Amino acid sequence: MILVKKMSLSSNNNIPASQNTLTMAILIFVLVIAYCLSTSISIALLGDRKLISDLNNFQNIFALLINWKFILSMSLAVLSRITFILINNSLLKVSYLAGAATTISVFITLLSIVFIVIINHYFLNETLNMRQGIGAFIVLAGIFIMLSK
């Protein structure tokens, strides 16, 4: 009797497997976007040179700790970590992605770096020169080669 109750509770209320997979894929996509945005905005907020340039005494460190940009940045960093954990958890629930969860996580982290470069360009007016762009491309190509089987 108890076994029958447990089995009926874990049957996902007769939802087809393809619909469950689609729901998980949408959830993973939304979590990836949330992860990339929270990571990149957190880094951009801390990239303000006035905010982090003079931290050689306790008074300046305290001023940093109560600054709204720092508080928002740290909150977004925590959100970023939580969404990353949720992404990994979601990947493990999709049978055909579970075996490659770590590889997919590396790819998602790489994707966040692209978001960081774009956000920093618009919020901090940072640019990549040709040499840096070529170096970034070589690193990305190396990671893709490393991850390919």
# chains A, B, ... in the order shown; residues from 1 in each chain; ligands from 1

$ residues_around --residues "A:Leu65" --least-positions-apart "6" --cutoff "12 Å" --atoms "only C-alpha atoms" --output "MDAnalysis selection string"
chainID A and resid 46 51:52 55 58:59 71:74

$ residues_around --residues "stretch 93-109 of chain A" --least-positions-apart "2" --cutoff "12 Å" --atoms "only C-alpha atoms" --output "VMD selection string"
chain A and resid 17 to 29 31 to 37 39 to 40 80 to 81 83 to 91 111 to 116 140 to 141 143 to 149

$ select_by_dssp --residues "stretch 8-146 of chain A" --states "alpha helix (DSSP H)" --output "NGL selection string"
:A and (8-9 or 17-46 or 49-52 or 58-65 or 68-93 or 95-98 or 101-124 or 130-146)

$ write_last_selection --atoms "C-alpha atoms" --output "short mmCIF file (atom, residue, chain, number, x, y, z; two decimals), in the first residue's frame"
data_model
loop_
_atom_site.label_atom_id
_atom_site.label_comp_id
_atom_site.auth_asym_id
_atom_site.auth_seq_id
_atom_site.Cartn_x
_atom_site.Cartn_y
_atom_site.Cartn_z
CA SER A 8 1.68 7.36 -7.69
CA LEU A 9 3.21 10.48 -6.15
CA ALA A 17 7.75 12.83 -20.88
CA SER A 18 8.15 15.12 -23.92
CA GLN A 19 6.18 17.89 -22.20
CA ASN A 20 8.27 17.45 -19.05
CA THR A 21 11.45 17.71 -21.13
CA LEU A 22 10.18 20.84 -22.88
CA THR A 23 9.31 22.41 -19.54
CA MET A 24 12.78 21.61 -18.18
CA ALA A 25 14.42 23.01 -21.33
CA ILE A 26 12.49 26.28 -20.97
CA LEU A 27 13.40 26.43 -17.27
CA ILE A 28 17.08 25.84 -18.07
CA PHE A 29 17.01 28.54 -20.76
CA VAL A 30 15.46 31.09 -18.37
CA LEU A 31 17.95 30.17 -15.64
CA VAL A 32 20.88 30.54 -18.06
CA ILE A 33 19.73 34.03 -19.06
CA ALA A 34 19.24 34.96 -15.38
CA TYR A 35 22.70 33.59 -14.56
CA CYS A 36 24.42 35.46 -17.39
CA LEU A 37 22.67 38.76 -16.65
CA SER A 38 23.15 38.62 -12.87
CA THR A 39 26.84 37.72 -13.27
CA SER A 40 27.59 40.40 -15.86
CA ILE A 41 25.66 43.21 -14.14
CA SER A 42 27.28 42.33 -10.80
CA ILE A 43 30.73 42.62 -12.37
CA ALA A 44 29.84 45.84 -14.21
CA LEU A 45 28.62 47.47 -10.98
CA LEU A 46 31.93 46.67 -9.27
CA ARG A 49 36.69 52.90 -10.78
CA LYS A 50 35.52 55.52 -8.26
CA LEU A 51 33.96 52.78 -6.16
CA ILE A 52 37.03 50.57 -5.81
CA PHE A 58 39.01 51.26 7.09
CA GLN A 59 36.83 54.31 6.44
CA ASN A 60 36.92 53.79 2.66
CA ILE A 61 36.27 50.06 3.03
CA PHE A 62 33.27 50.79 5.27
CA ALA A 63 31.99 53.33 2.75
CA LEU A 64 32.26 50.63 0.07
CA LEU A 65 30.33 48.13 2.19
CA TRP A 68 24.22 50.81 -2.94
CA LYS A 69 26.22 49.65 -5.97
CA PHE A 70 28.28 47.28 -3.84
CA ILE A 71 25.21 45.91 -2.04
CA LEU A 72 23.35 45.39 -5.33
CA SER A 73 26.43 43.82 -6.89
CA MET A 74 26.85 41.35 -4.03
CA SER A 75 23.12 40.51 -4.12
CA LEU A 76 23.39 39.80 -7.85
CA ALA A 77 26.49 37.67 -7.23
CA VAL A 78 24.52 35.56 -4.74
CA LEU A 79 21.65 35.29 -7.25
CA SER A 80 24.18 34.22 -9.86
CA ARG A 81 25.46 31.37 -7.67
CA ILE A 82 21.93 30.24 -6.81
CA THR A 83 20.88 30.19 -10.47
CA PHE A 84 24.04 28.25 -11.36
CA ILE A 85 23.15 25.61 -8.77
CA LEU A 86 19.58 25.48 -10.11
CA ILE A 87 20.91 25.09 -13.66
CA ASN A 88 23.07 22.14 -12.65
CA ASN A 89 20.17 20.60 -10.73
CA SER A 90 17.87 21.03 -13.75
CA LEU A 91 20.44 19.52 -16.13
CA LEU A 92 20.65 16.43 -13.95
CA LYS A 93 16.87 15.95 -14.21
CA SER A 95 18.13 12.21 -18.83
CA TYR A 96 19.96 13.00 -22.07
CA LEU A 97 21.72 16.04 -20.51
CA ALA A 98 22.62 14.49 -17.15
CA ALA A 101 26.01 18.40 -17.05
CA THR A 102 29.57 19.49 -16.23
CA THR A 103 30.41 20.15 -19.88
CA ILE A 104 27.23 22.15 -20.34
CA SER A 105 28.03 24.13 -17.18
CA VAL A 106 31.41 25.05 -18.63
CA PHE A 107 29.69 26.24 -21.80
CA ILE A 108 27.22 28.32 -19.74
CA THR A 109 30.10 29.91 -17.84
CA LEU A 110 31.68 30.74 -21.19
CA LEU A 111 28.43 32.27 -22.35
CA SER A 112 28.40 34.50 -19.26
CA ILE A 113 31.83 35.84 -20.27
CA VAL A 114 30.35 36.98 -23.58
CA PHE A 115 27.58 38.75 -21.63
CA ILE A 116 30.22 40.36 -19.38
CA VAL A 117 32.13 41.77 -22.36
CA ILE A 118 28.91 43.17 -23.88
CA ILE A 119 27.62 44.67 -20.60
CA ASN A 120 31.03 46.19 -19.79
CA HIS A 121 31.12 47.75 -23.26
CA TYR A 122 27.78 49.50 -22.73
CA PHE A 123 27.98 50.35 -19.00
CA LEU A 124 31.72 50.96 -18.52
CA MET A 130 42.30 43.69 -32.03
CA ARG A 131 44.96 41.84 -30.02
CA GLN A 132 42.58 41.23 -27.10
CA GLY A 133 39.83 40.12 -29.49
CA ILE A 134 42.12 37.62 -31.18
CA GLY A 135 43.26 36.33 -27.78
CA ALA A 136 39.66 35.92 -26.62
CA PHE A 137 38.81 34.06 -29.84
CA ILE A 138 41.80 31.71 -29.36
CA VAL A 139 40.71 30.96 -25.78
CA LEU A 140 37.11 30.31 -26.87
CA ALA A 141 38.25 28.10 -29.75
CA GLY A 142 40.51 26.16 -27.39
CA ILE A 143 37.68 25.56 -24.96
CA PHE A 144 35.38 24.38 -27.76
CA ILE A 145 38.11 22.03 -29.03
CA MET A 146 38.69 20.75 -25.50
#

$ decode --residues "stretch 19-59 of chain A" --atoms "N, CA and C atoms" --output "PDB file, in the first residue's frame"
ATOM      1  N   GLN A  19       6.596  16.600 -22.769  1.00  0.00           N
ATOM      2  CA  GLN A  19       6.178  17.887 -22.198  1.00  0.00           C
ATOM      3  C   GLN A  19       7.044  18.235 -20.994  1.00  0.00           C
ATOM      4  N   ASN A  20       7.381  17.227 -20.188  1.00  0.00           N
ATOM      5  CA  ASN A  20       8.272  17.446 -19.050  1.00  0.00           C
ATOM      6  C   ASN A  20       9.634  17.932 -19.527  1.00  0.00           C
ATOM      7  N   THR A  21      10.154  17.328 -20.587  1.00  0.00           N
ATOM      8  CA  THR A  21      11.448  17.713 -21.134  1.00  0.00           C
ATOM      9  C   THR A  21      11.403  19.136 -21.676  1.00  0.00           C
ATOM     10  N   LEU A  22      10.336  19.485 -22.359  1.00  0.00           N
ATOM     11  CA  LEU A  22      10.184  20.843 -22.878  1.00  0.00           C
ATOM     12  C   LEU A  22      10.127  21.857 -21.744  1.00  0.00           C
ATOM     13  N   THR A  23       9.394  21.528 -20.702  1.00  0.00           N
ATOM     14  CA  THR A  23       9.308  22.412 -19.537  1.00  0.00           C
ATOM     15  C   THR A  23      10.679  22.604 -18.899  1.00  0.00           C
ATOM     16  N   MET A  24      11.437  21.516 -18.763  1.00  0.00           N
ATOM     17  CA  MET A  24      12.784  21.607 -18.183  1.00  0.00           C
ATOM     18  C   MET A  24      13.710  22.413 -19.097  1.00  0.00           C
ATOM     19  N   ALA A  25      13.576  22.251 -20.402  1.00  0.00           N
ATOM     20  CA  ALA A  25      14.420  23.008 -21.333  1.00  0.00           C
ATOM     21  C   ALA A  25      14.125  24.499 -21.233  1.00  0.00           C
ATOM     22  N   ILE A  26      12.861  24.865 -21.126  1.00  0.00           N
ATOM     23  CA  ILE A  26      12.492  26.278 -20.968  1.00  0.00           C
ATOM     24  C   ILE A  26      13.025  26.812 -19.649  1.00  0.00           C
ATOM     25  N   LEU A  27      12.881  26.019 -18.583  1.00  0.00           N
ATOM     26  CA  LEU A  27      13.402  26.427 -17.273  1.00  0.00           C
ATOM     27  C   LEU A  27      14.909  26.638 -17.328  1.00  0.00           C
ATOM     28  N   ILE A  28      15.624  25.721 -17.953  1.00  0.00           N
ATOM     29  CA  ILE A  28      17.083  25.843 -18.065  1.00  0.00           C
ATOM     30  C   ILE A  28      17.444  27.092 -18.856  1.00  0.00           C
ATOM     31  N   PHE A  29      16.743  27.355 -19.955  1.00  0.00           N
ATOM     32  CA  PHE A  29      17.006  28.544 -20.764  1.00  0.00           C
ATOM     33  C   PHE A  29      16.815  29.820 -19.944  1.00  0.00           C
ATOM     34  N   VAL A  30      15.728  29.905 -19.206  1.00  0.00           N
ATOM     35  CA  VAL A  30      15.456  31.086 -18.373  1.00  0.00           C
ATOM     36  C   VAL A  30      16.522  31.233 -17.288  1.00  0.00           C
ATOM     37  N   LEU A  31      16.915  30.123 -16.674  1.00  0.00           N
ATOM     38  CA  LEU A  31      17.950  30.170 -15.637  1.00  0.00           C
ATOM     39  C   LEU A  31      19.300  30.598 -16.217  1.00  0.00           C
ATOM     40  N   VAL A  32      19.617  30.146 -17.417  1.00  0.00           N
ATOM     41  CA  VAL A  32      20.883  30.536 -18.057  1.00  0.00           C
ATOM     42  C   VAL A  32      20.898  32.042 -18.317  1.00  0.00           C
ATOM     43  N   ILE A  33      19.803  32.586 -18.817  1.00  0.00           N
ATOM     44  CA  ILE A  33      19.730  34.033 -19.059  1.00  0.00           C
ATOM     45  C   ILE A  33      19.849  34.785 -17.729  1.00  0.00           C
ATOM     46  N   ALA A  34      19.152  34.316 -16.697  1.00  0.00           N
ATOM     47  CA  ALA A  34      19.238  34.963 -15.379  1.00  0.00           C
ATOM     48  C   ALA A  34      20.657  34.895 -14.838  1.00  0.00           C
ATOM     49  N   TYR A  35      21.318  33.744 -15.016  1.00  0.00           N
ATOM     50  CA  TYR A  35      22.700  33.589 -14.560  1.00  0.00           C
ATOM     51  C   TYR A  35      23.632  34.559 -15.286  1.00  0.00           C
ATOM     52  N   CYS A  36      23.533  34.597 -16.595  1.00  0.00           N
ATOM     53  CA  CYS A  36      24.421  35.462 -17.386  1.00  0.00           C
ATOM     54  C   CYS A  36      24.203  36.934 -17.057  1.00  0.00           C
ATOM     55  N   LEU A  37      22.951  37.352 -16.952  1.00  0.00           N
ATOM     56  CA  LEU A  37      22.670  38.755 -16.647  1.00  0.00           C
ATOM     57  C   LEU A  37      23.103  39.125 -15.228  1.00  0.00           C
ATOM     58  N   SER A  38      22.784  38.273 -14.250  1.00  0.00           N
ATOM     59  CA  SER A  38      23.153  38.617 -12.871  1.00  0.00           C
ATOM     60  C   SER A  38      24.667  38.647 -12.698  1.00  0.00           C
ATOM     61  N   THR A  39      25.378  37.733 -13.347  1.00  0.00           N
ATOM     62  CA  THR A  39      26.840  37.724 -13.268  1.00  0.00           C
ATOM     63  C   THR A  39      27.431  38.976 -13.913  1.00  0.00           C
ATOM     64  N   SER A  40      26.991  39.286 -15.128  1.00  0.00           N
ATOM     65  CA  SER A  40      27.590  40.402 -15.855  1.00  0.00           C
ATOM     66  C   SER A  40      27.238  41.757 -15.235  1.00  0.00           C
ATOM     67  N   ILE A  41      26.023  41.938 -14.770  1.00  0.00           N
ATOM     68  CA  ILE A  41      25.659  43.215 -14.141  1.00  0.00           C
ATOM     69  C   ILE A  41      26.379  43.369 -12.808  1.00  0.00           C
ATOM     70  N   SER A  42      26.527  42.275 -12.062  1.00  0.00           N
ATOM     71  CA  SER A  42      27.275  42.325 -10.804  1.00  0.00           C
ATOM     72  C   SER A  42      28.711  42.785 -11.045  1.00  0.00           C
ATOM     73  N   ILE A  43      29.343  42.242 -12.058  1.00  0.00           N
ATOM     74  CA  ILE A  43      30.728  42.620 -12.371  1.00  0.00           C
ATOM     75  C   ILE A  43      30.797  44.062 -12.867  1.00  0.00           C
ATOM     76  N   ALA A  44      29.837  44.467 -13.688  1.00  0.00           N
ATOM     77  CA  ALA A  44      29.836  45.842 -14.209  1.00  0.00           C
ATOM     78  C   ALA A  44      29.659  46.852 -13.077  1.00  0.00           C
ATOM     79  N   LEU A  45      28.816  46.541 -12.107  1.00  0.00           N
ATOM     80  CA  LEU A  45      28.624  47.471 -10.983  1.00  0.00           C
ATOM     81  C   LEU A  45      29.902  47.643 -10.179  1.00  0.00           C
ATOM     82  N   LEU A  46      30.663  46.576 -10.013  1.00  0.00           N
ATOM     83  CA  LEU A  46      31.925  46.673  -9.270  1.00  0.00           C
ATOM     84  C   LEU A  46      33.064  47.215 -10.125  1.00  0.00           C
ATOM     85  N   GLY A  47      32.824  47.387 -11.407  1.00  0.00           N
ATOM     86  CA  GLY A  47      33.853  47.920 -12.288  1.00  0.00           C
ATOM     87  C   GLY A  47      33.981  49.426 -12.243  1.00  0.00           C
ATOM     88  N   ASP A  48      33.103  50.088 -11.492  1.00  0.00           N
ATOM     89  CA  ASP A  48      33.162  51.539 -11.349  1.00  0.00           C
ATOM     90  C   ASP A  48      34.459  51.914 -10.635  1.00  0.00           C
ATOM     91  N   ARG A  49      35.359  52.580 -11.327  1.00  0.00           N
ATOM     92  CA  ARG A  49      36.689  52.897 -10.785  1.00  0.00           C
ATOM     93  C   ARG A  49      36.611  53.751  -9.513  1.00  0.00           C
ATOM     94  N   LYS A  50      35.651  54.674  -9.461  1.00  0.00           N
ATOM     95  CA  LYS A  50      35.515  55.525  -8.262  1.00  0.00           C
ATOM     96  C   LYS A  50      35.146  54.698  -7.039  1.00  0.00           C
ATOM     97  N   LEU A  51      34.429  53.613  -7.258  1.00  0.00           N
ATOM     98  CA  LEU A  51      33.955  52.775  -6.160  1.00  0.00           C
ATOM     99  C   LEU A  51      35.077  51.967  -5.528  1.00  0.00           C
ATOM    100  N   ILE A  52      36.023  51.503  -6.327  1.00  0.00           N
ATOM    101  CA  ILE A  52      37.034  50.569  -5.809  1.00  0.00           C
ATOM    102  C   ILE A  52      38.463  51.093  -5.849  1.00  0.00           C
ATOM    103  N   SER A  53      38.661  52.364  -6.171  1.00  0.00           N
ATOM    104  CA  SER A  53      40.022  52.846  -6.397  1.00  0.00           C
ATOM    105  C   SER A  53      40.819  53.117  -5.121  1.00  0.00           C
ATOM    106  N   ASP A  54      40.187  53.515  -4.037  1.00  0.00           N
ATOM    107  CA  ASP A  54      40.935  53.933  -2.845  1.00  0.00           C
ATOM    108  C   ASP A  54      40.471  53.149  -1.620  1.00  0.00           C
ATOM    109  N   LEU A  55      40.932  51.907  -1.504  1.00  0.00           N
ATOM    110  CA  LEU A  55      40.531  51.052  -0.388  1.00  0.00           C
ATOM    111  C   LEU A  55      41.697  50.785   0.564  1.00  0.00           C
ATOM    112  N   ASN A  56      42.461  51.839   0.869  1.00  0.00           N
ATOM    113  CA  ASN A  56      43.645  51.655   1.708  1.00  0.00           C
ATOM    114  C   ASN A  56      43.415  51.959   3.178  1.00  0.00           C
ATOM    115  N   ASN A  57      42.182  52.320   3.566  1.00  0.00           N
ATOM    116  CA  ASN A  57      41.910  52.512   4.988  1.00  0.00           C
ATOM    117  C   ASN A  57      40.508  52.018   5.330  1.00  0.00           C
ATOM    118  N   PHE A  58      40.269  51.844   6.620  1.00  0.00           N
ATOM    119  CA  PHE A  58      39.009  51.257   7.085  1.00  0.00           C
ATOM    120  C   PHE A  58      37.800  52.113   6.711  1.00  0.00           C
ATOM    121  N   GLN A  59      37.946  53.412   6.754  1.00  0.00           N
ATOM    122  CA  GLN A  59      36.829  54.306   6.443  1.00  0.00           C
ATOM    123  C   GLN A  59      36.349  54.113   4.994  1.00  0.00           C
TER     124      GLN A  59
END
